>>> print(open('protein-v8.cif').read())   # mmCIF, C-alpha atoms and all ligand atoms
data_model
#
loop_
_atom_site.label_atom_id
_atom_site.label_comp_id
_atom_site.auth_asym_id
_atom_site.auth_seq_id
_atom_site.Cartn_x
_atom_site.Cartn_y
_atom_site.Cartn_z
CA MET A 30 4.95 -60.12 -56.10
CA ALA A 31 5.74 -59.49 -52.44
CA ARG A 32 3.03 -57.71 -50.51
CA HIS A 33 4.14 -54.21 -49.69
CA GLU A 34 4.36 -54.95 -45.97
CA ASP A 35 7.03 -57.58 -46.74
CA ARG A 36 9.42 -55.27 -48.55
CA ASP A 37 12.36 -53.38 -47.09
CA PRO A 38 11.76 -49.70 -46.25
CA LEU A 39 12.91 -47.14 -48.79
CA ASN A 40 16.53 -46.12 -48.51
CA GLU A 41 18.27 -42.86 -49.47
CA GLU A 42 19.08 -44.19 -52.92
CA ASP A 43 15.42 -45.09 -53.62
CA LEU A 44 14.35 -41.62 -52.54
CA ALA A 45 16.92 -39.87 -54.73
CA GLN A 46 15.84 -42.01 -57.68
CA ILE A 47 12.18 -41.12 -57.10
CA ALA A 48 12.95 -37.38 -56.92
CA ASP A 49 14.68 -37.55 -60.29
CA LEU A 50 12.01 -39.53 -62.13
CA PRO A 51 10.54 -37.72 -65.10
CA LYS A 52 6.83 -37.25 -64.45
CA VAL A 53 3.59 -36.77 -66.36
CA GLU A 54 0.64 -34.96 -64.80
CA LEU A 55 -2.89 -35.20 -66.21
CA HIS A 56 -5.06 -33.52 -63.57
CA LEU A 57 -4.11 -29.93 -62.78
CA HIS A 58 -6.48 -26.96 -62.59
CA HIS A 59 -4.87 -23.92 -64.19
CA GLU A 60 -5.89 -21.38 -61.52
CA GLY A 61 -5.53 -24.02 -58.82
CA ALA A 62 -1.80 -24.04 -59.54
CA ALA A 63 -1.44 -20.35 -58.60
CA PRO A 64 0.67 -19.89 -55.46
CA PRO A 65 -0.91 -17.60 -52.81
CA ALA A 66 1.88 -15.03 -53.31
CA PHE A 67 1.09 -14.85 -57.02
CA ILE A 68 -2.62 -14.20 -56.32
CA ARG A 69 -1.76 -11.65 -53.59
CA GLY A 70 0.56 -9.83 -56.00
CA LEU A 71 -2.16 -9.51 -58.64
CA ALA A 72 -4.73 -8.45 -56.01
CA LYS A 73 -2.41 -5.65 -54.93
CA GLU A 74 -1.75 -4.51 -58.50
CA LYS A 75 -5.47 -4.41 -59.23
CA SER A 76 -6.64 -3.24 -55.80
CA VAL A 77 -8.90 -6.26 -55.39
CA ASN A 78 -9.95 -7.03 -51.83
CA LEU A 79 -9.44 -10.73 -51.15
CA SER A 80 -10.57 -10.85 -47.55
CA GLY A 81 -11.30 -14.39 -46.38
CA VAL A 82 -9.16 -16.01 -49.08
CA PHE A 83 -5.97 -16.39 -47.02
CA ARG A 84 -5.09 -17.54 -43.54
CA GLU A 85 -2.80 -15.45 -41.37
CA ASP A 86 0.15 -17.63 -42.36
CA GLY A 87 -0.53 -16.73 -46.02
CA SER A 88 -1.97 -20.08 -47.13
CA TYR A 89 -5.37 -20.48 -48.76
CA ALA A 90 -8.16 -20.57 -46.17
CA TYR A 91 -10.99 -23.06 -46.59
CA ARG A 92 -12.91 -25.27 -44.17
CA ASP A 93 -14.23 -28.03 -46.41
CA PHE A 94 -14.83 -28.99 -50.03
CA VAL A 95 -17.71 -26.60 -50.76
CA HIS A 96 -15.84 -23.74 -49.10
CA PHE A 97 -12.73 -24.69 -51.09
CA LEU A 98 -14.74 -24.21 -54.32
CA SER A 99 -15.80 -20.71 -53.28
CA VAL A 100 -12.29 -19.71 -52.14
CA TYR A 101 -10.95 -20.99 -55.48
CA GLU A 102 -13.43 -18.78 -57.32
CA ALA A 103 -12.75 -15.78 -55.08
CA ALA A 104 -8.99 -16.05 -55.70
CA THR A 105 -9.61 -16.39 -59.43
CA GLN A 106 -11.21 -12.93 -59.62
CA VAL A 107 -7.76 -11.35 -59.80
CA LEU A 108 -7.00 -13.18 -63.04
CA GLN A 109 -8.68 -10.71 -65.33
CA THR A 110 -6.74 -10.58 -68.59
CA PRO A 111 -4.99 -12.88 -71.08
CA ARG A 112 -1.70 -11.46 -69.79
CA ASP A 113 -2.54 -12.54 -66.22
CA TYR A 114 -3.09 -16.08 -67.52
CA ALA A 115 0.16 -15.95 -69.48
CA ARG A 116 2.03 -15.04 -66.29
CA LEU A 117 0.27 -17.80 -64.39
CA THR A 118 1.14 -20.28 -67.14
CA THR A 119 4.84 -19.41 -66.88
CA ALA A 120 4.75 -19.74 -63.09
CA LEU A 121 2.99 -23.09 -63.12
CA LEU A 122 5.28 -24.54 -65.77
CA GLU A 123 8.34 -23.44 -63.79
CA GLU A 124 6.95 -25.38 -60.85
CA CYS A 125 6.29 -28.39 -63.09
CA ALA A 126 9.87 -28.31 -64.34
CA ALA A 127 11.21 -28.05 -60.78
CA ASN A 128 9.33 -31.27 -59.99
CA GLY A 129 10.58 -33.22 -63.00
CA VAL A 130 7.25 -32.96 -64.85
CA ILE A 131 7.92 -33.19 -68.60
CA TYR A 132 4.31 -33.16 -69.81
CA CYS A 133 1.15 -31.87 -68.23
CA GLU A 134 -2.44 -31.07 -69.10
CA THR A 135 -4.30 -28.28 -67.34
CA PHE A 136 -8.02 -27.66 -66.97
CA LEU A 137 -9.04 -24.31 -68.42
CA SER A 138 -12.53 -22.89 -68.16
CA PRO A 139 -14.01 -20.46 -70.72
CA ASP A 140 -16.19 -19.22 -67.83
CA PHE A 141 -13.07 -17.87 -66.14
CA CYS A 142 -11.21 -17.00 -69.35
CA GLY A 143 -13.53 -14.54 -71.07
CA GLY A 144 -16.89 -15.23 -69.40
CA GLY A 145 -17.96 -17.89 -71.93
CA ASP A 146 -17.44 -15.59 -74.95
CA LEU A 147 -15.70 -17.35 -77.87
CA GLY A 148 -13.74 -14.31 -79.09
CA ALA A 149 -12.41 -13.57 -75.61
CA TRP A 150 -11.62 -17.26 -75.05
CA ARG A 151 -9.48 -17.27 -78.20
CA GLU A 152 -7.49 -14.31 -76.85
CA TYR A 153 -6.86 -16.02 -73.53
CA LEU A 154 -5.84 -19.18 -75.33
CA HIS A 155 -3.44 -17.30 -77.57
CA ALA A 156 -1.67 -15.75 -74.58
CA ILE A 157 -1.53 -19.05 -72.68
CA ARG A 158 -0.11 -20.87 -75.69
CA GLU A 159 2.59 -18.27 -76.21
CA ALA A 160 3.70 -18.67 -72.61
CA ALA A 161 3.54 -22.45 -72.94
CA ASP A 162 5.63 -22.44 -76.12
CA ALA A 163 8.31 -20.35 -74.40
CA ALA A 164 8.34 -22.70 -71.41
CA GLU A 165 8.62 -25.71 -73.71
CA ARG A 166 11.71 -24.14 -75.31
CA ASP A 167 13.29 -22.93 -72.09
CA LEU A 168 12.28 -25.58 -69.56
CA GLY A 169 11.46 -28.66 -71.60
CA VAL A 170 7.90 -28.97 -70.23
CA THR A 171 5.07 -29.57 -72.68
CA LEU A 172 1.58 -28.28 -71.84
CA ARG A 173 -1.77 -29.11 -73.42
CA GLY A 174 -5.22 -27.78 -72.49
CA VAL A 175 -8.42 -29.53 -71.48
CA VAL A 176 -11.44 -27.24 -71.68
CA THR A 177 -13.53 -27.65 -68.57
CA CYS A 178 -17.11 -26.82 -67.68
CA ILE A 179 -18.08 -26.43 -64.07
CA ARG A 180 -20.78 -28.69 -62.71
CA HIS A 181 -22.27 -26.32 -60.16
CA PHE A 182 -22.56 -23.61 -62.84
CA GLY A 183 -25.24 -25.89 -64.35
CA PRO A 184 -25.86 -27.58 -67.73
CA GLU A 185 -26.76 -24.28 -69.46
CA LYS A 186 -23.25 -22.93 -68.96
CA SER A 187 -21.69 -26.21 -70.07
CA ARG A 188 -22.94 -25.65 -73.63
CA PRO A 189 -21.07 -22.41 -74.42
CA ALA A 190 -18.03 -23.98 -72.73
CA ALA A 191 -18.33 -27.00 -75.04
CA ARG A 192 -18.77 -24.69 -78.01
CA CYS A 193 -15.54 -22.85 -77.08
CA ALA A 194 -13.89 -26.27 -76.80
CA ALA A 195 -15.21 -27.48 -80.17
CA GLU A 196 -14.18 -24.25 -81.94
CA THR A 197 -10.64 -24.38 -80.60
CA ALA A 198 -10.12 -28.15 -80.67
CA GLY A 199 -6.83 -29.12 -82.26
CA ASP A 200 -3.23 -29.88 -81.45
CA TRP A 201 -3.27 -27.78 -78.26
CA ILE A 202 -6.81 -28.00 -76.91
CA VAL A 203 -6.95 -31.76 -76.75
CA GLY A 204 -9.79 -32.57 -74.37
CA PHE A 205 -13.01 -31.58 -72.71
CA GLY A 206 -14.02 -32.22 -69.14
CA MET A 207 -15.95 -31.14 -66.10
CA GLY A 208 -14.94 -30.18 -62.56
CA GLY A 209 -16.77 -28.68 -59.62
CA ASP A 210 -19.36 -29.84 -57.15
CA GLU A 211 -20.31 -33.42 -57.86
CA ASN A 212 -23.22 -33.22 -55.45
CA ARG A 213 -25.03 -30.83 -57.77
CA GLY A 214 -27.24 -32.16 -60.58
CA GLU A 215 -26.85 -35.40 -62.49
CA LEU A 216 -24.09 -36.25 -64.95
CA ASN A 217 -26.49 -37.01 -67.81
CA GLN A 218 -27.67 -33.37 -67.78
CA PHE A 219 -24.28 -32.62 -69.36
CA LEU A 220 -24.62 -35.11 -72.21
CA TYR A 221 -25.18 -32.42 -74.81
CA ALA A 222 -21.89 -30.68 -73.97
CA PHE A 223 -19.91 -33.91 -73.88
CA ASP A 224 -21.42 -35.11 -77.18
CA MET A 225 -20.57 -31.78 -78.84
CA ALA A 226 -16.96 -32.03 -77.62
CA ARG A 227 -16.66 -35.67 -78.73
CA GLU A 228 -17.95 -34.81 -82.20
CA ALA A 229 -15.27 -32.11 -82.44
CA GLY A 230 -12.65 -34.82 -81.91
CA LEU A 231 -11.85 -34.03 -78.29
CA LYS A 232 -11.02 -36.70 -75.73
CA LEU A 233 -13.15 -36.70 -72.60
CA THR A 234 -12.70 -36.73 -68.84
CA THR A 235 -14.90 -35.75 -65.93
CA HIS A 236 -14.54 -35.40 -62.19
CA ALA A 237 -16.62 -38.18 -60.62
CA GLY A 238 -16.44 -40.55 -57.69
CA GLU A 239 -14.60 -38.07 -55.48
CA TRP A 240 -17.56 -37.32 -53.17
CA ARG A 241 -20.41 -39.33 -54.63
CA GLY A 242 -20.18 -43.09 -54.80
CA PRO A 243 -19.64 -45.64 -57.55
CA SER A 244 -22.89 -44.91 -59.43
CA GLU A 245 -21.41 -41.57 -60.42
CA VAL A 246 -18.33 -43.29 -61.88
CA ARG A 247 -20.52 -45.78 -63.74
CA SER A 248 -22.55 -42.93 -65.25
CA ALA A 249 -19.33 -41.18 -66.34
CA VAL A 250 -18.27 -44.33 -68.19
CA GLU A 251 -21.64 -45.41 -69.59
CA ASP A 252 -23.44 -42.10 -70.21
CA LEU A 253 -20.68 -39.55 -70.84
CA ARG A 254 -18.36 -42.24 -72.30
CA VAL A 255 -15.21 -40.65 -70.95
CA ALA A 256 -11.74 -42.12 -71.46
CA ARG A 257 -10.51 -40.84 -68.09
CA ILE A 258 -12.06 -39.94 -64.76
CA GLY A 259 -10.88 -37.19 -62.43
CA HIS A 260 -10.49 -38.88 -59.02
CA GLY A 261 -12.87 -41.85 -59.49
CA VAL A 262 -11.52 -43.34 -56.28
CA ARG A 263 -14.90 -44.17 -54.75
CA ALA A 264 -15.28 -46.79 -57.50
CA ILE A 265 -13.54 -49.04 -54.96
CA GLU A 266 -16.89 -49.38 -53.15
CA ASP A 267 -18.25 -51.49 -56.05
CA LEU A 268 -15.90 -54.26 -57.14
CA ALA A 269 -17.94 -55.07 -60.27
CA LEU A 270 -17.37 -51.46 -61.33
CA VAL A 271 -13.66 -51.77 -60.53
CA ASP A 272 -13.57 -54.80 -62.87
CA LEU A 273 -15.36 -52.76 -65.53
CA LEU A 274 -12.74 -50.00 -65.25
CA ALA A 275 -9.96 -52.57 -65.47
CA GLU A 276 -11.50 -54.31 -68.50
CA THR A 277 -12.34 -51.15 -70.42
CA GLY A 278 -9.03 -49.43 -69.59
CA VAL A 279 -10.70 -46.26 -68.32
CA VAL A 280 -7.92 -44.33 -66.60
CA LEU A 281 -8.22 -42.72 -63.18
CA GLU A 282 -6.56 -39.34 -62.59
CA VAL A 283 -5.89 -39.95 -58.91
CA CYS A 284 -4.94 -37.01 -56.68
CA PRO A 285 -4.06 -38.59 -53.35
CA GLY A 286 -2.87 -35.43 -51.55
CA SER A 287 -6.02 -33.57 -52.60
CA ASN A 288 -8.24 -36.41 -51.35
CA VAL A 289 -6.53 -36.52 -47.97
CA THR A 290 -6.44 -32.74 -47.51
CA LEU A 291 -10.11 -32.33 -48.43
CA GLY A 292 -11.05 -35.26 -46.18
CA VAL A 293 -12.23 -37.85 -48.70
CA TYR A 294 -9.89 -40.24 -46.84
CA PRO A 295 -8.39 -39.72 -43.37
CA ASN A 296 -4.82 -40.53 -44.46
CA LEU A 297 -2.82 -41.96 -47.34
CA ALA A 298 -2.71 -45.46 -45.84
CA LYS A 299 -6.51 -45.59 -46.15
CA HIS A 300 -6.48 -44.28 -49.74
CA PRO A 301 -7.61 -46.90 -52.31
CA ILE A 302 -5.01 -46.11 -55.03
CA ALA A 303 -2.96 -49.23 -54.27
CA GLU A 304 -5.97 -51.52 -54.19
CA LEU A 305 -7.31 -50.07 -57.44
CA ARG A 306 -3.93 -50.76 -59.04
CA ASP A 307 -3.77 -54.26 -57.58
CA ARG A 308 -7.19 -54.91 -59.14
CA GLY A 309 -5.93 -53.93 -62.58
CA VAL A 310 -7.21 -50.36 -62.91
CA LYS A 311 -4.93 -47.95 -64.79
CA VAL A 312 -4.14 -45.34 -62.16
CA THR A 313 -2.11 -42.15 -62.59
CA VAL A 314 -0.94 -39.52 -60.08
CA SER A 315 -1.60 -35.77 -60.09
CA THR A 316 -1.66 -32.84 -57.68
CA ASP A 317 -5.05 -31.24 -58.60
CA ASP A 318 -4.46 -27.76 -57.05
CA PRO A 319 -0.97 -28.00 -55.56
CA PRO A 320 -0.68 -24.82 -53.44
CA PHE A 321 -4.20 -25.33 -52.06
CA PHE A 322 -3.26 -28.81 -50.91
CA HIS A 323 0.36 -28.07 -49.90
CA THR A 324 1.67 -30.54 -52.42
CA ASN A 325 3.66 -30.98 -55.62
CA MET A 326 4.45 -33.94 -57.87
CA ARG A 327 7.64 -34.88 -56.04
CA ARG A 328 5.86 -34.90 -52.74
CA GLU A 329 3.04 -37.04 -54.17
CA TYR A 330 5.53 -39.60 -55.45
CA PHE A 331 7.47 -39.65 -52.15
CA ASN A 332 4.33 -39.97 -50.07
CA LEU A 333 3.04 -42.87 -52.17
CA ALA A 334 6.42 -44.59 -52.05
CA ASN A 335 6.40 -44.32 -48.27
CA ALA A 336 2.76 -45.23 -47.69
CA PHE A 337 2.73 -48.29 -49.94
CA GLN A 338 6.44 -49.15 -50.10
CA TRP A 339 6.33 -48.50 -53.84
CA ASP A 340 9.73 -48.45 -55.50
CA ALA A 341 10.78 -46.44 -58.55
CA ASP A 342 9.55 -49.18 -60.89
CA VAL A 343 5.97 -48.89 -59.63
CA LEU A 344 6.09 -45.11 -59.96
CA ARG A 345 7.50 -45.47 -63.49
CA GLU A 346 4.54 -47.70 -64.31
CA LEU A 347 2.11 -44.99 -63.14
CA THR A 348 3.96 -42.35 -65.14
CA ARG A 349 3.80 -44.57 -68.19
CA ASN A 350 0.04 -45.01 -67.64
CA ALA A 351 -0.26 -41.22 -67.66
CA ALA A 352 1.75 -40.89 -70.88
CA ASP A 353 -0.40 -43.59 -72.53
CA ALA A 354 -3.58 -41.81 -71.41
CA ALA A 355 -2.47 -38.27 -72.31
CA PHE A 356 -4.86 -36.60 -74.75
CA CYS A 357 -2.08 -35.23 -76.98
CA ASP A 358 -1.40 -36.47 -80.52
CA ASP A 359 0.68 -39.60 -81.07
CA ASP A 360 3.86 -37.76 -82.14
CA THR A 361 3.87 -35.82 -78.89
CA ARG A 362 3.17 -39.02 -76.94
CA GLU A 363 6.09 -40.80 -78.65
CA LYS A 364 8.39 -37.95 -77.62
CA ILE A 365 7.22 -38.17 -74.01
CA LEU A 366 7.61 -41.95 -73.95
CA LYS A 367 11.17 -41.60 -75.30
CA ARG A 368 12.03 -39.16 -72.54
CA LEU A 369 10.60 -41.53 -69.94
CA GLU A 370 12.99 -44.25 -71.11
CA THR A 371 16.09 -42.23 -70.28
O1 LIG A 401 -10.54 -31.63 -58.03
C1 LIG A 401 -10.77 -30.55 -57.14
C2 LIG A 401 -11.89 -30.91 -56.21
N1 LIG A 401 -13.06 -31.43 -56.91
C3 LIG A 401 -13.77 -30.76 -57.85
N2 LIG A 401 -13.43 -29.72 -58.53
C4 LIG A 401 -12.30 -29.01 -58.52
C5 LIG A 401 -11.09 -29.30 -57.90
N3 LIG A 401 -10.27 -28.27 -58.08
C6 LIG A 401 -10.90 -27.36 -58.82
N4 LIG A 401 -12.12 -27.81 -59.12
C7 LIG A 401 -13.15 -27.14 -59.94
C8 LIG A 401 -13.62 -25.84 -59.31
O2 LIG A 401 -15.01 -25.77 -59.42
O3 LIG A 401 -12.62 -26.82 -61.19
C9 LIG A 401 -12.83 -25.47 -61.48
C10 LIG A 401 -12.97 -24.79 -60.13
O4 LIG A 401 -13.77 -23.66 -60.21
C11 LIG A 401 -11.69 -24.92 -62.29
S1 LIG A 401 -11.46 -25.71 -63.83
C12 LIG A 401 -10.44 -24.63 -64.68
ZN ZN A 402 -9.69 -31.65 -59.90
#
>>> encode(input="protein-v8.cif", output="C-alpha cells")
Amino acid sequence: MARHEDRDPLNEEDLAQIADLPKVELHLHHEGAAPPAFIRGLAKEKSVNLSGVFREDGSYAYRDFVHFLSVYEAATQVLQTPRDYARLTTALLEECAANGVIYCETFLSPDFCGGGDLGAWREYLHAIREAADAAERDLGVTLRGVVTCIRHFGPEKSRPAARCAAETAGDWIVGFGMGGDENRGELNQFLYAFDMAREAGLKLTTHAGEWRGPSEVRSAVEDLRVARIGHGVRAIEDLALVDLLAETGVVLEVCPGSNVTLGVYPNLAKHPIAELRDRGVKVTVSTDDPPFFHTNMRREYFNLANAFQWDADVLRELTRNAADAAFCDDDTREKILKRLET
C-alpha cells in the first residue's frame, strides 16, 4: 500500500463520500453528549446555578483533564429525573442521525441516574429506552447502553454500579465499563465489579491508556479481561503490547478529537491512531463528549481523512471494526452490517 504521504490530497468527491458514510460509534458518554444550550435550559427551568461551567461564548469551560471531570459533573447536576434523561437521549440521537451514525452505545452511570439505587436506576433506564425506541423508529439510529462506574468515585461505588448492571443486563444494557480519572487507584481494585458484570453476561470495556502509560492498558487486558479499551492510545509506547492487542483482537475505542482537545497529543498528525492501525490493532473512531470537545462524528472522519490521507475505504474499515466490536446481540449486528454495505 502507498504510504499516506504519497497519495493525492482529498478532493471534493472524497469529502462528500466521507460525509455520507454510515457510521458506528462505540464511545460516547450520555451526559457528555449534552449541548451547552440543553444544560442551560434545564438549569433555568430548575433554578440551578451553574457558575463556572460555561465560558462567556457559551461553551463548556475547563482548563485541563481534571477540571474537565469536575465541570462534567457540575453540568450533570441539572439532569435530575428520568424525564430529563429521556429528553437528553432524544437530543443526542438526533445529533447522531445528523452525522450519519446508525448505531451507537452510550456510557450510563447509575451514580448519576438514581444515585446507585437499583429501583431508581430501573426508572431512568425505562425512560431512556422509551426515547431510544422512538428515535430508532423515527430516525433509524439504534442505541444500546453500557453501564459505567467512575474510577475516581472509588472501588466501593463500583460494586453497586456493577449490581445495577448485572440486574438490568439484557438486550439493551449490553456492557459494563469504567470511565473517569485514570490517575486514581489501580485497575485491579475494580476486579470485583468487572467479574460480577462478566458473570451476568455483559461485555467489558474500560478507559485506560489515555493518561497513564502502557502498563495500564496491559492490566485492562490481563486483569480486567476487557474486550475493548476506551482510548488505549498510549499502548503505542510499548510495541510488545501493541502486538498483544493485535494478536488478541482487543479493540480500541479511539477518540482523536478528545485526545487533542484535552492535550494528550498536541495535534492530530502526532496522534498514534494510524500507527496502531498499521501495526494491526483494531481501531475504531468515536467522539467521547462531542460538545465538550467541539466535535461530531463527521468532523472526526474528515479530520482523520485530512491528517492521514485516509480515503473512504479506510474509514469504512474502521466503521466495520466498530460494528464487529459492538456489544449488541448478533441479530442487531447483522442488521448494522447490512446497512453498512449499502
Ligand atoms: O473519556 C473522557 C476523558 N477520560 C475519562 N473519562 C471521561 C471522559 N468523559 C467522561 N468521562 C467520565 C467522567 O468521569 O465518565 C463519566 C464522567 O463523570 C460519565 S460516564 C456516564
Ligand atoms: Zn470517554
>>> residues_around(input="protein-v8.cif", residues="Gln106 of chain A", least_positions_apart="4", cutoff="12 Å", atoms="all atoms listed in the file", output="list in words")
Glu60, Ile68, Arg69, Leu71, Ala72, Lys75, Ser76, Val77, Asn78, Leu79, Val82, Ser99, Val100, Tyr101, Glu102, Thr110, Asp113, Tyr114, Asp140, Phe141, Cys142, Gly143 and Gly144 of chain A
>>> residues_around(input="protein-v8.cif", residues="Asp318 of chain A", least_positions_apart="4", cutoff="10 Å", atoms="only C-alpha atoms", output="PyMOL selection string")
chain A and resi 56-64+101+284+286-287+322-325
>>> residues_near_ligand(input="protein-v8.cif", ligand="ligand ZN 402 (chain A)", cutoff="12 Å", atoms="all atoms listed in the file", output="JSON, numbers by chain")
{"A": [54, 55, 56, 57, 58, 59, 60, 61, 62, 94, 97, 98, 101, 134, 135, 136, 137, 175, 177, 178, 179, 180, 206, 207, 208, 209, 210, 211, 234, 235, 236, 237, 238, 239, 240, 258, 259, 260, 261, 281, 282, 283, 284, 285, 286, 287, 288, 291, 314, 315, 316, 317, 318, 319, 321, 322]}
>>> residues_around(input="protein-v8.cif", residues="segment 350-355 of chain A", least_positions_apart="4", cutoff="7 Å", atoms="all atoms listed in the file", output="number ranges by chain")
A: 53-55, 280, 311-313, 346, 362, 365-366
>>> axis_aligned_box(input="protein-v8.cif", around="ligand LIG 401 (chain A)", padding_each_side="4 Å", output="JSON")
{"center_x": -12.6, "center_y": -27.6, "center_z": -60.4, "size_x": 12.7, "size_y": 16.0, "size_z": 16.5}
>>> closest_residue(input="protein-v8.cif", among="A:Asp200, A:Asp93, A:Glu124, A:Glu266", to="ligand LIG 401 (chain A)", atoms="all atoms listed in the file")
A:Asp93
>>> closest_residue(input="protein-v8.cif", among="A:Leu233, A:Val176, A:Val107, A:Leu333", to="ligand LIG 401 (chain A)", atoms="only C-alpha atoms and all ligand atoms")
A:Val176
>>> closest_residue(input="protein-v8.cif", among="A:Gly214, A:Gly87, A:Gly174, A:Gly199", to="ligand LIG 401 (chain A)", atoms="all atoms listed in the file")
A:Gly174
>>> atom_distance(input="protein-v8.cif", atom1="atom CA of Gly145 of chain A", atom2="atom CA of Gly70 of chain A")
25.7 Å
>>> atom_distance(input="protein-v8.cif", atom1="atom CA of Asn296 of chain A", atom2="atom C3 of ligand LIG 401 (chain A)")
18.8 Å
>>> residues_around(input="protein-v8.cif", residues="segment 156-170 of chain A", least_positions_apart="5", cutoff="8 Å", atoms="all atoms listed in the file", output="ChimeraX atom specification")
/A:111-112,114-116,118-119,122-123,125-126,130-133
>>> write_last_selection(input="protein-v8.cif", atoms="C-alpha atoms", output="PDB file, keeping the file's coordinate frame")
ATOM      1  CA  PRO A 111      -4.990 -12.880 -71.080  1.00  0.00           C
ATOM      2  CA  ARG A 112      -1.700 -11.460 -69.790  1.00  0.00           C
ATOM      3  CA  TYR A 114      -3.090 -16.080 -67.520  1.00  0.00           C
ATOM      4  CA  ALA A 115       0.160 -15.950 -69.480  1.00  0.00           C
ATOM      5  CA  ARG A 116       2.030 -15.040 -66.290  1.00  0.00           C
ATOM      6  CA  THR A 118       1.140 -20.280 -67.140  1.00  0.00           C
ATOM      7  CA  THR A 119       4.840 -19.410 -66.880  1.00  0.00           C
ATOM      8  CA  LEU A 122       5.280 -24.540 -65.770  1.00  0.00           C
ATOM      9  CA  GLU A 123       8.340 -23.440 -63.790  1.00  0.00           C
ATOM     10  CA  CYS A 125       6.290 -28.390 -63.090  1.00  0.00           C
ATOM     11  CA  ALA A 126       9.870 -28.310 -64.340  1.00  0.00           C
ATOM     12  CA  VAL A 130       7.250 -32.960 -64.850  1.00  0.00           C
ATOM     13  CA  ILE A 131       7.920 -33.190 -68.600  1.00  0.00           C
ATOM     14  CA  TYR A 132       4.310 -33.160 -69.810  1.00  0.00           C
ATOM     15  CA  CYS A 133       1.150 -31.870 -68.230  1.00  0.00           C
TER      16      CYS A 133
END
>>> residues_around(input="protein-v8.cif", residues="Ala226 of chain A", least_positions_apart="4", cutoff="9 Å", atoms="only C-alpha atoms", output="CSV table (one decimal) with C-alpha atoms, keeping the file's coordinate frame")
chain,number,residue,atom,x,y,z
A,191,ALA,CA,-18.3,-27.0,-75.0
A,192,ARG,CA,-18.8,-24.7,-78.0
A,194,ALA,CA,-13.9,-26.3,-76.8
A,195,ALA,CA,-15.2,-27.5,-80.2
A,198,ALA,CA,-10.1,-28.2,-80.7
A,204,GLY,CA,-9.8,-32.6,-74.4
A,205,PHE,CA,-13.0,-31.6,-72.7
A,206,GLY,CA,-14.0,-32.2,-69.1
A,221,TYR,CA,-25.2,-32.4,-74.8
A,222,ALA,CA,-21.9,-30.7,-74.0
A,230,GLY,CA,-12.6,-34.8,-81.9
A,231,LEU,CA,-11.8,-34.0,-78.3
A,232,LYS,CA,-11.0,-36.7,-75.7
A,233,LEU,CA,-13.2,-36.7,-72.6
>>> atom_distance(input="protein-v8.cif", atom1="atom CA of Phe83 of chain A", atom2="atom CA of Val95 of chain A")
16.0 Å
>>> decode(input="protein-v8.cif", residues="segment 192-229 of chain A", atoms="C-alpha atoms", output="JSON list (two decimals), in the first residue's frame")
[["chain", "number", "residue", "atom", "x", "y", "z"],
["A", 192, "ARG", "CA", -25.01, -4.74, 40.61],
["A", 193, "CYS", "CA", -27.29, -2.33, 38.71],
["A", 194, "ALA", "CA", -25.58, -3.52, 35.52],
["A", 195, "ALA", "CA", -25.99, -7.21, 36.37],
["A", 196, "GLU", "CA", -29.67, -6.78, 37.33],
["A", 197, "THR", "CA", -30.53, -4.98, 34.11],
["A", 198, "ALA", "CA", -28.24, -6.89, 31.74],
["A", 199, "GLY", "CA", -30.03, -8.00, 28.59],
["A", 200, "ASP", "CA", -30.78, -6.96, 25.06],
["A", 201, "TRP", "CA", -30.43, -3.24, 25.84],
["A", 202, "ILE", "CA", -27.84, -3.00, 28.61],
["A", 203, "VAL", "CA", -25.12, -4.85, 26.78],
["A", 204, "GLY", "CA", -21.89, -3.91, 28.55],
["A", 205, "PHE", "CA", -20.12, -2.72, 31.64],
["A", 206, "GLY", "CA", -17.22, -0.32, 31.80],
["A", 207, "MET", "CA", -15.35, 2.34, 33.69],
["A", 208, "GLY", "CA", -14.53, 5.98, 32.96],
["A", 209, "GLY", "CA", -13.05, 8.80, 34.99],
["A", 210, "ASP", "CA", -9.66, 9.69, 36.35],
["A", 211, "GLU", "CA", -7.15, 7.04, 35.40],
["A", 212, "ASN", "CA", -4.57, 8.50, 37.74],
["A", 213, "ARG", "CA", -6.63, 7.44, 40.75],
["A", 214, "GLY", "CA", -6.22, 3.96, 42.23],
["A", 215, "GLU", "CA", -5.25, 0.78, 40.43],
["A", 216, "LEU", "CA", -7.34, -1.11, 37.89],
["A", 217, "ASN", "CA", -7.27, -4.38, 39.84],
["A", 218, "GLN", "CA", -9.17, -2.72, 42.71],
["A", 219, "PHE", "CA", -12.17, -2.90, 40.37],
["A", 220, "LEU", "CA", -11.89, -6.63, 39.67],
["A", 221, "TYR", "CA", -14.90, -7.49, 41.79],
["A", 222, "ALA", "CA", -17.19, -5.19, 39.79],
["A", 223, "PHE", "CA", -15.88, -6.38, 36.43],
["A", 224, "ASP", "CA", -16.17, -10.05, 37.45],
["A", 225, "MET", "CA", -19.77, -9.50, 38.60],
["A", 226, "ALA", "CA", -20.64, -7.86, 35.27],
["A", 227, "ARG", "CA", -18.92, -10.60, 33.26],
["A", 228, "GLU", "CA", -20.81, -13.29, 35.16],
["A", 229, "ALA", "CA", -24.06, -11.52, 34.28]]
